[in-house]
Amino acid sequence: MWTHRVAVILLLSIPATVLADHEDPAAENQRSAKPRPSKTTLAVGVTLDGDGRLWLAKVENQRLLVSRSDDGGESFSSPVVVTPETEDISADGENRPKIAVARDGTVLLSWTKTLPQRHSGNIRFARSTDSGRSFSAPITLNNDGRITSHRFDALAIDGTGRVVVAWLDARDRDATREQGGKFSGVSIYTAQSADNGASFSANRKFQQHICECCRIALTWTKTGPVVFWRNIFGVNTRDFAIAHLDQGGVRRATDDEWQIDACPHNGGSIAADGQGRLHLTWFTNGNKHQGLFYKRIDGDWESQPLAIGNPAIQANHAAVVAAGDTIILTWREFDGSAYSVQMMHSKDGGSSWGEPQRLMDTTGAADYPVPLINGKQVLVVWNTAAEGLRIVSFERVAAK
């Protein structure tokens, strides 16, 4: 049984465009320090803590703000400033601030600070140990000192002290090209903490030759963090890979044969359920498959890709969350005049699915929908230029 209610929260006015810039890999080395037009800040970070409170990280006037709702998004606390100095923070499309809350109430944040040089940035981090009333001074996690591309960060925690931040990093590409060599894509680098973000280990290179501007995704399993990313296989086949950060062992997760000499700017999403199964969503325009897809992985077994959404109206940018046997998929569609949020749910771990539901629509610019789940509720959060922050809340009965 599912019931839902809609809460609409109006934010301050936001520029009415959301465009993800196409990146030509050959242009990554350009170093222009000229000011660039400001991008939109519609992309927000959200999470549910262990008590069911909704946390929101958003960017306004070049500052990162955090607030909390104790009533499912009906109202929010006064925003707390995380970045006392202004920063050009990525909060559009594939790049958004990330927020997580540990079991002891520590609030953790990561984000990408863009720099004036073309396609360059730094990975930033801050935390609160007093339930979000104040935040530590922001730090930069990438430690190479290069002015280059450190972007598209992902944040995952185990809830009891371990923190992983992973990002796309161009330091290896730049160093190789400086020596006259060739390097396709960029690399994945990580920084890890064992004390809820009080300190971090040195940067670790995890994988080279990664698609340079598709967001990466992290999830935490019973055996540690797992990363999901668009890889470069062969010369320029941009399909997805998956790996356990602690154990290694890169595994090809999709076989779409999308051969393209450019970044699709279209990352995937991953979630782990209570049984240890992995749930993946992604977009492709490959030789074998085209459109938006879902699959699940259980050990060595993989389901066949399940097509979701309507490709005729640009079904895209899906996200997946899981709790127990309940799996939620959301994505955005555009029919030529309005954006809409679509949702599907499964109560049996992804074996079967209900029909897609159209939850919300808007005629203005819009972020991608973000689903959240805990033991009692499901929220779908969507930020729009015209109506502000919109939240659909479902009260669910867990499958017995």
# chains A, B, ... in the order shown; residues from 1 in each chain; ligands from 1
>>> residues_around(residues="Glu87 (chain A)", least_positions_apart="2", cutoff="10 Å", atoms="only C-alpha atoms", output="PyMOL selection string")
chain A and resi 59+61-64+83-85+89-90+112-115
>>> residues_around(residues="Gln259 (chain A)", least_positions_apart="2", cutoff="7 Å", atoms="only C-alpha atoms", output="list in words")
Asn236, Thr237, Arg238, Glu257, Asp261 and Gly286 of chain A
>>> residues_around(residues="Ala323 (chain A)", least_positions_apart="2", cutoff="7 Å", atoms="only C-alpha atoms", output="number ranges by chain")
A: 273-274, 325-327, 373-375
>>> closest_residue(among="A:Ala194, A:Val46, A:Ile260, A:Leu218", to="Ile242 (chain A)", atoms="only C-alpha atoms")
A:Leu218
>>> select_by_dssp(residues="region 63-219 of chain A", states="strand (DSSP E or B)", output="PyMOL selection string")
chain A and resi 63-69+80-81+89+92+95+98-101+107-114+121-128+139-140+150-157+163-169+186-193+204-210+217-219
>>> residues_around(residues="region 300-316 of chain A", least_positions_apart="2", cutoff="7 Å", atoms="only C-alpha atoms", output="PyMOL selection string")
chain A and resi 283+291-298+318+331-335
>>> closest_residue(among="A:Arg230, A:Val235, A:Asp49, A:Arg204", to="Phe183 (chain A)", atoms="only C-alpha atoms")
A:Val235
